[in-house]
>>> print(open('target_3.txt').read())   # compact mmCIF, C-alpha atoms
# COMPACT_ATOMS: atom_id res chain seq x y z
CA MET R 8 0.00 0.00 0.00
CA ALA R 9 1.32 3.44 -0.98
CA LEU R 10 0.33 6.38 1.21
CA LEU R 11 0.78 10.00 0.14
CA ILE R 12 1.02 12.54 2.97
CA ARG R 13 0.68 15.88 1.23
CA ASN R 14 0.58 19.62 1.90
CA ILE R 15 2.62 19.17 5.09
CA GLN R 16 2.91 22.58 6.72
CA GLN R 17 6.49 21.88 7.83
CA LEU R 18 8.51 18.68 7.41
CA VAL R 19 11.17 18.71 10.13
CA GLY R 20 14.43 16.80 10.47
CA VAL R 21 15.05 16.08 6.80
CA GLN R 22 18.58 14.72 7.10
CA ASP R 23 20.59 11.52 7.16
CA PRO R 24 23.94 12.17 8.86
CA ASN R 25 26.63 9.50 8.94
CA VAL R 26 27.97 10.61 12.32
CA PRO R 27 26.40 12.28 15.37
CA LEU R 28 25.95 16.05 15.22
CA ARG R 29 28.38 18.32 17.08
CA ASN R 30 28.98 22.01 17.82
CA LYS R 31 26.87 24.28 15.64
CA GLY R 32 25.76 21.28 13.62
CA LEU R 33 23.44 20.33 16.46
CA SER R 34 21.44 23.52 15.91
CA VAL R 35 20.89 22.77 12.21
CA LEU R 36 17.49 21.14 11.79
CA PRO R 37 16.68 20.90 8.06
CA GLN R 38 13.04 21.60 7.23
CA ARG R 39 10.83 21.79 4.17
CA SER R 40 7.66 23.83 3.93
CA ASN R 41 4.56 22.73 1.98
CA ALA R 42 6.00 19.26 1.65
CA TYR R 43 4.94 15.70 0.89
CA LEU R 44 5.98 12.23 2.05
CA ILE R 45 5.40 8.92 0.32
CA VAL R 46 5.15 5.87 2.58
CA GLU R 47 5.36 2.31 1.30
CA ALA R 48 5.72 -0.92 3.29
CA GLY R 49 6.09 1.07 6.50
CA LYS R 50 9.04 3.11 5.26
CA ILE R 51 9.64 6.52 3.74
CA ALA R 52 9.78 6.01 -0.03
CA GLY R 53 9.91 9.63 -1.18
CA LEU R 54 9.76 13.23 0.00
CA GLY R 55 10.00 16.76 -1.26
CA THR R 56 8.10 20.00 -1.69
CA MET R 57 4.64 19.95 -3.23
CA ASP R 58 5.80 21.71 -6.39
CA SER R 59 8.08 18.73 -7.06
CA LEU R 60 5.54 15.96 -6.41
CA PRO R 61 6.46 13.55 -9.22
CA ALA R 62 3.34 11.43 -9.51
CA ASP R 63 -0.38 11.69 -10.09
CA PRO R 64 -2.08 11.46 -6.65
CA ALA R 65 -4.56 9.01 -8.16
CA GLN R 66 -1.91 6.29 -8.16
CA PHE R 67 -1.75 6.18 -4.35
CA ASP R 68 -3.87 3.84 -2.27
CA ALA R 69 -4.51 6.53 0.33
CA ILE R 70 -3.91 10.27 0.72
CA PHE R 71 -3.60 12.14 4.01
CA GLU R 72 -3.90 15.94 4.08
CA ALA R 73 -1.35 17.40 6.52
CA ASP R 74 -1.75 21.12 5.89
CA GLN R 75 -2.27 21.82 9.62
CA TYR R 76 0.64 19.71 10.84
CA GLN R 77 4.31 19.99 11.53
CA VAL R 78 5.72 16.50 10.96
CA LEU R 79 8.80 15.32 12.88
CA PRO R 80 10.60 12.01 13.32
CA THR R 81 9.45 10.25 16.47
CA TRP R 82 11.49 10.60 19.64
CA CYS R 83 14.35 8.17 20.27
CA ASP R 84 14.48 7.53 24.02
CA SER R 85 17.91 6.01 24.54
CA HIS R 86 17.88 5.56 28.33
CA THR R 87 14.97 3.95 30.23
CA HIS R 88 14.24 1.43 32.99
CA LEU R 89 10.80 0.57 31.63
CA VAL R 90 10.54 -2.88 33.24
CA PHE R 91 9.78 -2.66 36.97
CA ALA R 92 7.27 -4.13 39.37
CA ALA R 93 5.94 -1.14 41.33
CA THR R 94 6.12 2.62 41.69
CA ARG R 95 7.92 4.28 44.63
CA GLU R 96 5.82 7.28 45.56
CA GLU R 97 6.59 6.75 49.25
CA GLU R 98 10.19 7.69 48.47
CA PHE R 99 8.90 10.78 46.70
CA VAL R 100 7.58 11.92 50.08
CA ASP R 101 10.96 11.13 51.66
CA LYS R 102 12.58 13.40 49.09
CA ILE R 103 10.14 16.19 49.95
CA LEU R 104 11.12 15.74 53.60
CA GLY R 105 14.75 16.28 52.64
CA LEU R 106 16.28 12.82 52.42
CA SER R 107 18.97 12.47 49.78
CA TYR R 108 19.22 9.75 47.12
CA ALA R 109 22.01 8.12 49.13
CA GLU R 110 20.07 8.33 52.42
CA ILE R 111 17.00 6.69 50.88
CA ALA R 112 19.18 3.91 49.48
CA ALA R 113 20.87 3.42 52.86
CA LYS R 114 17.55 2.72 54.58
CA GLY R 115 16.58 0.05 52.05
CA GLY R 116 14.91 2.22 49.46
CA GLY R 117 16.01 3.08 45.97
CA ILE R 118 17.28 0.38 43.65
CA LEU R 119 17.16 -2.33 46.34
CA ASN R 120 13.49 -1.52 46.98
CA SER R 121 12.69 -2.04 43.30
CA ALA R 122 14.78 -5.23 43.26
CA ARG R 123 12.82 -6.78 46.14
CA LYS R 124 9.50 -6.06 44.46
CA LEU R 125 10.66 -7.29 41.05
CA GLN R 126 12.00 -10.57 42.46
CA GLU R 127 8.51 -11.26 43.84
CA THR R 128 6.68 -10.47 40.58
CA SER R 129 6.03 -13.00 37.84
CA GLU R 130 7.51 -12.67 34.38
CA ASP R 131 4.08 -12.43 32.79
CA GLU R 132 2.98 -9.65 35.13
CA LEU R 133 6.19 -7.71 34.48
CA TYR R 134 5.56 -8.05 30.75
CA GLU R 135 1.98 -6.78 30.99
CA LEU R 136 3.00 -3.78 33.09
CA ALA R 137 5.85 -2.90 30.73
CA TRP R 138 3.68 -3.35 27.62
CA LYS R 139 1.14 -0.80 28.92
CA ARG R 140 3.92 1.69 29.64
CA LEU R 141 5.41 1.15 26.20
CA GLN R 142 2.08 1.84 24.48
CA ALA R 143 1.63 5.02 26.51
CA ALA R 144 5.14 6.19 25.57
CA ILE R 145 4.39 5.57 21.88
CA ARG R 146 1.24 7.69 22.12
CA LEU R 147 3.44 10.55 23.40
CA GLY R 148 5.67 10.27 20.35
CA THR R 149 8.39 7.75 21.22
CA GLY R 150 9.34 5.67 18.18
CA ALA R 151 12.46 3.84 19.45
CA ILE R 152 13.54 2.97 22.97
CA GLU R 153 16.31 1.40 25.02
CA ILE R 154 15.35 -0.62 28.13
CA LYS R 155 17.69 -1.69 30.94
CA SER R 156 17.65 -4.54 33.41
CA GLY R 157 19.14 -3.82 36.85
CA TYR R 158 16.19 -4.25 39.18
CA GLY R 159 16.85 -7.97 39.51
CA LEU R 160 20.29 -8.15 41.15
CA THR R 161 20.20 -11.95 41.23
CA VAL R 162 20.97 -14.33 38.40
CA GLU R 163 17.35 -15.45 38.15
CA ALA R 164 15.79 -12.00 38.38
CA GLU R 165 18.18 -10.31 35.95
CA LEU R 166 17.54 -13.03 33.38
CA LYS R 167 13.80 -12.67 34.02
CA MET R 168 13.98 -8.94 33.29
CA LEU R 169 15.94 -9.47 30.12
CA ARG R 170 13.50 -12.13 28.93
CA VAL R 171 10.70 -9.60 29.43
CA ILE R 172 12.60 -7.07 27.33
CA LYS R 173 13.16 -9.71 24.64
CA ARG R 174 9.39 -10.39 24.56
CA LEU R 175 8.76 -6.67 24.22
CA LYS R 176 11.20 -6.60 21.30
CA LEU R 177 9.36 -9.42 19.57
CA HIS R 178 5.92 -7.81 19.84
CA SER R 179 6.67 -4.08 19.79
CA PRO R 180 6.01 -2.03 16.65
CA ILE R 181 9.02 0.16 17.49
CA PRO R 182 12.71 -0.78 17.73
CA ILE R 183 13.89 -1.73 21.22
CA LYS R 184 17.46 -2.13 22.45
CA ALA R 185 18.26 -4.07 25.65
CA SER R 186 20.95 -3.17 28.18
CA PHE R 187 22.18 -5.55 30.86
CA LEU R 188 22.57 -3.50 34.06
CA GLY R 189 23.28 -6.19 36.62
CA ALA R 190 25.89 -3.78 37.99
CA HIS R 191 23.22 -1.32 39.16
CA ALA R 192 23.83 -1.75 42.90
CA TYR R 193 25.28 -4.30 45.29
CA PRO R 194 22.64 -6.62 46.79
CA ILE R 195 22.50 -6.56 50.60
CA GLU R 196 24.13 -9.99 50.87
CA TYR R 197 27.12 -8.74 48.85
CA ARG R 198 27.66 -5.37 50.56
CA SER R 199 30.84 -6.68 52.18
CA ASP R 200 31.78 -8.90 49.25
CA HIS R 201 31.85 -6.74 46.13
CA ASP R 202 34.13 -9.13 44.34
CA GLY R 203 31.70 -11.97 45.00
CA TYR R 204 28.85 -10.14 43.26
CA ILE R 205 31.08 -9.14 40.36
CA ARG R 206 32.09 -12.80 39.96
CA SER R 207 28.38 -13.70 39.85
CA ILE R 208 27.92 -11.24 36.99
CA LEU R 209 31.01 -12.47 35.14
CA GLU R 210 30.66 -16.21 35.69
CA GLU R 211 26.88 -16.74 35.90
CA MET R 212 24.95 -13.89 34.33
CA LEU R 213 27.01 -12.89 31.29
CA PRO R 214 27.45 -16.40 29.82
CA GLN R 215 23.70 -17.06 29.98
CA ILE R 216 22.83 -13.62 28.59
CA ALA R 217 25.15 -14.18 25.65
CA ALA R 218 23.95 -17.74 25.03
CA GLN R 219 20.29 -16.64 24.98
CA GLY R 220 20.87 -13.38 23.05
CA LEU R 221 19.22 -11.30 25.76
CA ALA R 222 21.13 -7.99 25.54
CA ASP R 223 22.74 -5.54 23.15
CA TYR R 224 24.67 -3.49 25.72
CA ILE R 225 26.33 -3.84 29.09
CA ASP R 226 25.71 -0.99 31.54
CA VAL R 227 27.34 -0.16 34.89
CA PHE R 228 26.38 2.40 37.55
CA CYS R 229 29.81 3.98 38.03
CA GLU R 230 29.41 6.17 41.11
CA ASP R 231 30.85 6.58 44.59
CA GLY R 232 29.17 3.99 46.79
CA PHE R 233 28.22 1.78 43.85
CA PHE R 234 30.78 0.54 41.26
CA ASN R 235 34.15 2.27 41.14
CA PRO R 236 36.11 2.89 37.92
CA ALA R 237 38.29 -0.22 38.31
CA GLU R 238 35.24 -2.44 38.86
CA THR R 239 33.45 -0.73 35.97
CA ASP R 240 36.41 -1.32 33.67
CA ARG R 241 36.50 -4.99 34.63
CA LEU R 242 32.79 -5.42 33.90
CA LEU R 243 32.83 -3.54 30.61
CA LYS R 244 35.74 -5.58 29.31
CA ALA R 245 33.99 -8.81 30.28
CA GLY R 246 30.80 -7.66 28.57
CA ALA R 247 32.73 -6.89 25.39
CA VAL R 248 34.09 -10.46 25.36
CA HIS R 249 30.46 -11.61 25.26
CA GLY R 250 29.60 -9.20 22.42
CA LEU R 251 27.95 -6.48 24.52
CA THR R 252 28.77 -2.84 23.75
CA PRO R 253 29.40 -0.59 26.78
CA LYS R 254 26.80 2.05 27.70
CA ILE R 255 27.18 3.34 31.26
CA HIS R 256 25.81 5.60 34.00
CA ALA R 257 28.39 8.22 34.94
CA ASN R 258 28.74 11.41 37.00
CA GLN R 259 25.19 11.50 38.37
CA LEU R 260 26.17 11.91 42.01
CA GLY R 261 29.61 13.43 41.52
CA VAL R 262 32.67 13.36 39.26
CA SER R 263 33.18 9.60 39.42
CA GLY R 264 35.71 8.81 36.71
CA GLY R 265 32.91 7.09 34.80
CA VAL R 266 33.28 9.27 31.72
CA GLU R 267 36.92 8.40 31.38
CA VAL R 268 36.47 4.65 31.87
CA GLY R 269 33.51 4.66 29.48
CA VAL R 270 35.44 6.47 26.75
CA ALA R 271 38.48 4.22 27.27
CA ASN R 272 36.25 1.19 26.66
CA GLY R 273 34.57 2.65 23.57
CA ALA R 274 31.19 3.15 25.25
CA ARG R 275 28.36 3.98 22.87
CA SER R 276 27.17 6.48 25.44
CA VAL R 277 27.89 7.76 28.94
CA ASP R 278 24.66 8.88 30.58
CA HIS R 279 23.60 11.42 33.25
CA LEU R 280 26.62 13.80 33.46
CA GLU R 281 25.10 16.10 36.07
CA TYR R 282 28.62 16.69 37.44
CA MET R 283 31.31 17.41 34.86
CA ASP R 284 34.74 18.92 35.42
CA GLU R 285 37.07 20.21 32.71
CA GLY R 286 38.84 16.88 32.41
CA SER R 287 35.67 14.85 31.88
CA ILE R 288 34.31 17.40 29.39
CA ASN R 289 37.54 17.31 27.38
CA CYS R 290 37.62 13.51 27.51
CA LEU R 291 34.08 13.21 26.18
CA SER R 292 34.45 15.88 23.51
CA GLY R 293 37.57 14.20 22.13
CA SER R 294 35.84 10.85 21.74
CA SER R 295 33.20 9.12 19.63
CA THR R 296 31.14 8.40 22.77
CA ILE R 297 27.77 10.18 23.07
CA GLY R 298 26.90 12.01 26.27
CA THR R 299 23.23 11.35 27.08
CA LEU R 300 21.67 13.99 29.33
CA LEU R 301 18.62 13.19 31.47
CA PRO R 302 17.02 16.48 32.54
CA SER R 303 13.79 15.03 33.96
CA CYS R 304 15.89 13.07 36.46
CA ALA R 305 17.61 16.29 37.55
CA LEU R 306 14.19 17.92 37.87
CA PHE R 307 12.76 15.14 40.02
CA LEU R 308 15.81 14.83 42.30
CA ARG R 309 16.47 18.59 42.43
CA SER R 310 19.99 17.84 41.21
CA PRO R 311 22.17 20.11 39.09
CA TYR R 312 21.29 19.97 35.41
CA PRO R 313 23.99 18.66 33.06
CA PRO R 314 26.09 21.49 31.55
CA ALA R 315 24.64 21.15 28.06
CA ARG R 316 26.00 24.42 26.70
CA LYS R 317 29.57 23.65 27.81
CA LEU R 318 29.32 20.19 26.30
CA ILE R 319 27.97 21.48 22.99
CA GLU R 320 30.56 24.25 22.77
CA SER R 321 33.35 21.79 23.59
CA GLY R 322 32.36 19.63 20.62
CA ALA R 323 30.85 16.72 22.53
CA ALA R 324 28.10 14.73 20.82
CA ILE R 325 25.06 14.78 23.10
CA ALA R 326 21.61 13.21 23.21
CA ILE R 327 18.71 13.62 25.64
CA ALA R 328 16.47 10.90 27.09
CA THR R 329 13.94 10.31 29.87
CA ASP R 330 15.71 7.92 32.29
CA TYR R 331 12.18 6.63 32.91
CA ASN R 332 12.22 4.69 36.19
CA PRO R 333 10.13 4.46 39.38
CA GLY R 334 12.59 6.17 41.71
CA SER R 335 14.22 9.18 40.10
CA SER R 336 12.37 9.92 36.84
CA PRO R 337 8.83 8.50 36.76
CA SER R 338 7.98 9.95 33.35
CA PHE R 339 8.38 8.63 29.81
CA ASN R 340 7.28 11.96 28.32
CA MET R 341 9.97 12.95 25.82
CA ASN R 342 8.10 16.16 25.07
CA LEU R 343 8.79 17.27 28.65
CA VAL R 344 12.44 16.28 28.26
CA VAL R 345 12.73 18.50 25.19
CA ALA R 346 11.13 21.39 27.09
CA LEU R 347 13.46 20.95 30.08
CA ALA R 348 16.48 20.80 27.78
CA CYS R 349 15.52 24.23 26.50
CA SER R 350 14.31 25.95 29.68
CA GLN R 351 16.79 24.46 32.15
CA MET R 352 19.86 23.56 30.07
CA ARG R 353 19.64 26.48 27.62
CA MET R 354 19.51 24.32 24.53
CA LEU R 355 17.94 25.83 21.43
CA PRO R 356 14.72 24.14 20.25
CA GLU R 357 16.54 22.84 17.18
CA GLU R 358 19.35 21.43 19.35
CA ALA R 359 16.91 19.75 21.72
CA ILE R 360 14.87 18.19 18.91
CA ASN R 361 18.01 16.86 17.22
CA ALA R 362 19.24 15.54 20.59
CA ALA R 363 15.91 13.74 21.13
CA THR R 364 15.75 12.24 17.64
CA ILE R 365 18.81 11.57 15.48
CA GLN R 366 21.29 11.80 18.38
CA GLY R 367 19.23 9.36 20.43
CA ALA R 368 19.13 7.06 17.41
CA PHE R 369 22.94 7.12 17.24
CA ALA R 370 23.07 6.35 20.99
CA MET R 371 21.15 3.13 20.23
CA ASP R 372 22.88 2.28 16.93
CA LEU R 373 19.54 2.81 15.19
CA GLN R 374 20.47 5.80 13.02
CA LYS R 375 19.84 3.83 9.81
CA GLU R 376 16.26 3.06 10.87
CA VAL R 377 14.92 6.06 12.78
CA GLY R 378 15.74 9.52 14.10
CA SER R 379 15.28 11.63 10.99
CA ILE R 380 13.25 12.01 7.81
CA ALA R 381 15.05 10.17 5.02
CA VAL R 382 14.20 7.72 2.26
CA GLY R 383 14.51 4.14 3.49
CA LYS R 384 13.91 4.89 7.16
CA ARG R 385 10.87 3.75 9.08
CA ALA R 386 7.82 5.99 8.72
CA ASN R 387 7.81 6.69 12.46
CA LEU R 388 6.42 10.21 12.61
CA ILE R 389 4.95 12.78 14.98
CA PHE R 390 2.16 15.01 13.69
CA THR R 391 2.03 18.01 16.01
CA LYS R 392 -0.98 20.02 17.04
CA PRO R 393 -1.23 23.34 15.13
CA MET R 394 1.65 25.66 16.01
CA ASN R 395 3.23 28.63 14.29
CA ASN R 396 6.78 27.35 14.69
CA LEU R 397 8.75 24.64 16.45
CA ALA R 398 9.72 26.86 19.38
CA TYR R 399 6.15 26.47 20.60
CA LEU R 400 6.78 22.78 21.28
CA PRO R 401 9.22 23.29 24.21
CA TYR R 402 7.64 26.64 25.13
CA SER R 403 4.25 25.09 25.89
CA PHE R 404 5.66 22.52 28.32
CA GLY R 405 2.33 21.95 30.07
CA GLU R 406 0.58 20.82 26.91
CA ASN R 407 0.85 17.63 24.90
CA PRO R 408 2.01 18.88 21.49
CA VAL R 409 1.39 15.53 19.77
CA GLN R 410 -1.80 15.27 17.71
CA ARG R 411 -1.12 11.92 16.05
CA VAL R 412 1.67 9.35 15.95
CA MET R 413 2.51 7.15 12.96
CA ILE R 414 4.55 3.98 13.47
CA ASN R 415 5.72 2.00 10.43
CA GLY R 416 3.29 3.97 8.27
CA VAL R 417 0.25 3.27 10.49
CA PHE R 418 -1.48 5.85 12.68
CA GLN R 419 -1.65 4.65 16.30
CA ASP R 420 -5.03 6.17 17.19
>>> encode(input="target_3.txt", output="structure tokens")
Amino acid sequence: MALLIRNIQQLVGVQDPNVPLRNKGLSVLPQRSNAYLIVEAGKIAGLGTMDSLPADPAQFDAIFEADQYQVLPTWCDSHTHLVFAATREEEFVDKILGLSYAEIAAKGGGILNSARKLQETSEDELYELAWKRLQAAIRLGTGAIEIKSGYGLTVEAELKMLRVIKRLKLHSPIPIKASFLGAHAYPIEYRSDHDGYIRSILEEMLPQIAAQGLADYIDVFCEDGFFNPAETDRLLKAGAVHGLTPKIHANQLGVSGGVEVGVANGARSVDHLEYMDEGSINCLSGSSTIGTLLPSCALFLRSPYPPARKLIESGAAIAIATDYNPGSSPSFNMNLVVALACSQMRMLPEEAINAATIQGAFAMDLQKEVGSIAVGKRANLIFTKPMNNLAYLPYSFGENPVQRVMINGVFQD
């Protein structure tokens, strides 16, 4: 079936870069006014301005009039913890009362709280909960997503999480990438035996994950009080032996050395980066690693926002994502993330949209499928509500700017 989308008010993100955008390139967001798109077999088969439409509209199976819409590529959310058993609103109250992330974790909350609940929840129930969240994220404009394990913290529970993610991959209409985050925290029984837990990851978890094809990436929470740089390096190297590309948490709670160890191991991305000194900025900007910024996490935890302007001006390649999880960022709304990137990190609307689309696609190795408007890519598209220009999208942060979402050439409403 051939679909013609015609008279598009503004077609946004018409590009197909071979490498992530940097410096001033991040602010370049190619657009075409009064445009058309041709969709065949779920992919973009043609595009241009209406005065160059090459074919008689009668030859198409369907025609959609888009004169009131700005059309963008769907969001690429490259950092989420979508699979979990229960929300943690009681910890939200603790935060209001002044307890820190570390203090909540010390009293049995945080990651260990989620791990206990997940270990008690069946695989089927986890799948159903995650599937509902995924569908809601798609309705808000997400067209590709990465999902981490890390709330299992035992061999059985980590494998259970990854099997859930694999099921989501099989049934989801959007691309999903899986990250193994067994090194998210030390279970209580291993608090005095870090090496014992690391051996469990290396000798029990990783071989089974590789044998069953359960993950694309290996992730480590490299922070003071969690996994130090030497432990992180050991884990990343072991993951690489099993075919898993590094993608790590770094510098959320302080300058941890995570950026440097991630770059040294060829990490696809280092994520969070709320705390960055000159050395870590220079290290990232001189590498091919993407820095993924998570502003809704900073909002929720009242943490410093990542220094986006310094990173952009230094030449670092950056993306933005939700960090959707029950403890520190309980939102999968990429539209809010784009708004926060502009209002709190001083990113231009064009920079934020690129960071949430093509840059996120690069952070998941999906740049050939999604992230921009180009022939051959999936027809994963956002049709915005009427707006005079794209700046209105982050400006109107309290509204949902998405009118309709198309995935693989099919409207989702």
>>> closest_residue(input="target_3.txt", among="R:Asp68, R:Asp74, R:Asp84, R:Asp372", to="R:Tyr331", atoms="all atoms listed in the file")
R:Asp84
>>> atom_distance(input="target_3.txt", atom1="atom CA of R:Pro408", atom2="atom CA of R:Lys139")
21.1 Å
>>> closest_residue(input="target_3.txt", among="R:Ser207, R:Gln38, R:Gln77, R:Gln22", to="R:Gly378", atoms="all atoms listed in the file")
R:Gln22
>>> residues_around(input="target_3.txt", residues="stretch 397-399 of chain R", least_positions_apart="3", cutoff="6 Å", atoms="all atoms listed in the file", output="list in words")
Pro356, Tyr402 and Ser403 of chain R
>>> closest_residue(input="target_3.txt", among="R:Lys375, R:Arg385, R:Arg411, R:Arg206", to="R:Ile51", atoms="all atoms listed in the file")
R:Arg385
>>> closest_residue(input="target_3.txt", among="R:Ile103, R:Leu89, R:Leu160, R:Val26", to="R:Leu175", atoms="only C-alpha atoms")
R:Leu89
>>> closest_residue(input="target_3.txt", among="R:Thr128, R:Asn30, R:Asn14, R:Asn395", to="R:Phe71", atoms="all atoms listed in the file")
R:Asn14
>>> atom_distance(input="target_3.txt", atom1="atom CA of R:Ser186", atom2="atom CA of R:Ile225")
5.5 Å
>>> residues_around(input="target_3.txt", residues="R:Ser59", least_positions_apart="3", cutoff="10 Å", atoms="all atoms listed in the file", output="PyMOL selection string")
chain R and resi 42-43+54-56+62
>>> closest_residue(input="target_3.txt", among="R:Gly367, R:Gly264, R:Gly334, R:Gly232", to="R:Leu300", atoms="all atoms listed in the file")
R:Gly367
>>> closest_atom_pairs(input="target_3.txt", of="stretch 108-190 of chain R", to="stretch 246-253 of chain R", cutoff="12 Å", atoms="all atoms listed in the file", output="CSV")
residue,atom,partner,partner_atom,distance
R:Lys184,CA,R:Thr252,CA,11.4
R:Ala185,CA,R:Leu251,CA,10.0
R:Ser186,CA,R:Leu251,CA,8.6
R:Phe187,CA,R:Leu251,CA,8.6
R:Leu188,CA,R:Pro253,CA,10.4
R:Gly189,CA,R:Gly246,CA,11.1
R:Ala190,CA,R:Gly246,CA,11.3
>>> atom_distance(input="target_3.txt", atom1="atom CA of R:Pro393", atom2="atom CA of R:Ala143")
21.8 Å
>>> axis_aligned_box(input="target_3.txt", around="stretch 54-62 of chain R", padding_each_side="3 Å", output="lines of an AutoDock Vina configuration file")
center_x = 6.7
center_y = 16.6
center_z = -4.8
size_x = 12.7
size_y = 16.3
size_z = 15.5
>>> build_atoms(input="target_3.txt", residues="stretch 137-152 of chain R", atoms="N, CA and C atoms", output="PDB file, in the coordinates of the input")
ATOM      1  N   ALA R 137       4.943  -3.595  31.640  1.00  0.00           N
ATOM      2  CA  ALA R 137       5.850  -2.900  30.730  1.00  0.00           C
ATOM      3  C   ALA R 137       5.185  -2.618  29.387  1.00  0.00           C
ATOM      4  N   TRP R 138       4.352  -3.552  28.904  1.00  0.00           N
ATOM      5  CA  TRP R 138       3.680  -3.350  27.620  1.00  0.00           C
ATOM      6  C   TRP R 138       2.752  -2.129  27.681  1.00  0.00           C
ATOM      7  N   LYS R 139       2.026  -1.955  28.774  1.00  0.00           N
ATOM      8  CA  LYS R 139       1.140  -0.800  28.920  1.00  0.00           C
ATOM      9  C   LYS R 139       1.944   0.500  28.929  1.00  0.00           C
ATOM     10  N   ARG R 140       3.075   0.493  29.623  1.00  0.00           N
ATOM     11  CA  ARG R 140       3.920   1.690  29.640  1.00  0.00           C
ATOM     12  C   ARG R 140       4.463   1.995  28.256  1.00  0.00           C
ATOM     13  N   LEU R 141       4.871   0.960  27.538  1.00  0.00           N
ATOM     14  CA  LEU R 141       5.410   1.150  26.200  1.00  0.00           C
ATOM     15  C   LEU R 141       4.365   1.769  25.274  1.00  0.00           C
ATOM     16  N   GLN R 142       3.139   1.291  25.333  1.00  0.00           N
ATOM     17  CA  GLN R 142       2.080   1.840  24.480  1.00  0.00           C
ATOM     18  C   GLN R 142       1.811   3.298  24.816  1.00  0.00           C
ATOM     19  N   ALA R 143       1.842   3.629  26.105  1.00  0.00           N
ATOM     20  CA  ALA R 143       1.630   5.020  26.510  1.00  0.00           C
ATOM     21  C   ALA R 143       2.764   5.920  26.017  1.00  0.00           C
ATOM     22  N   ALA R 144       3.995   5.416  26.069  1.00  0.00           N
ATOM     23  CA  ALA R 144       5.140   6.190  25.570  1.00  0.00           C
ATOM     24  C   ALA R 144       5.020   6.422  24.066  1.00  0.00           C
ATOM     25  N   ILE R 145       4.575   5.413  23.331  1.00  0.00           N
ATOM     26  CA  ILE R 145       4.390   5.570  21.880  1.00  0.00           C
ATOM     27  C   ILE R 145       3.365   6.643  21.590  1.00  0.00           C
ATOM     28  N   ARG R 146       2.272   6.676  22.351  1.00  0.00           N
ATOM     29  CA  ARG R 146       1.240   7.690  22.120  1.00  0.00           C
ATOM     30  C   ARG R 146       1.764   9.097  22.355  1.00  0.00           C
ATOM     31  N   LEU R 147       2.823   9.237  23.161  1.00  0.00           N
ATOM     32  CA  LEU R 147       3.440  10.550  23.400  1.00  0.00           C
ATOM     33  C   LEU R 147       4.532  10.854  22.385  1.00  0.00           C
ATOM     34  N   GLY R 148       4.743   9.954  21.423  1.00  0.00           N
ATOM     35  CA  GLY R 148       5.670  10.270  20.350  1.00  0.00           C
ATOM     36  C   GLY R 148       6.964   9.501  20.316  1.00  0.00           C
ATOM     37  N   THR R 149       7.153   8.535  21.221  1.00  0.00           N
ATOM     38  CA  THR R 149       8.390   7.750  21.220  1.00  0.00           C
ATOM     39  C   THR R 149       8.308   6.662  20.145  1.00  0.00           C
ATOM     40  N   GLY R 150       9.319   6.626  19.285  1.00  0.00           N
ATOM     41  CA  GLY R 150       9.340   5.670  18.180  1.00  0.00           C
ATOM     42  C   GLY R 150      10.516   4.730  18.185  1.00  0.00           C
ATOM     43  N   ALA R 151      11.360   4.789  19.228  1.00  0.00           N
ATOM     44  CA  ALA R 151      12.460   3.840  19.450  1.00  0.00           C
ATOM     45  C   ALA R 151      12.868   4.003  20.901  1.00  0.00           C
ATOM     46  N   ILE R 152      13.291   2.895  21.526  1.00  0.00           N
ATOM     47  CA  ILE R 152      13.540   2.970  22.970  1.00  0.00           C
ATOM     48  C   ILE R 152      14.594   1.956  23.387  1.00  0.00           C
TER      49      ILE R 152
END
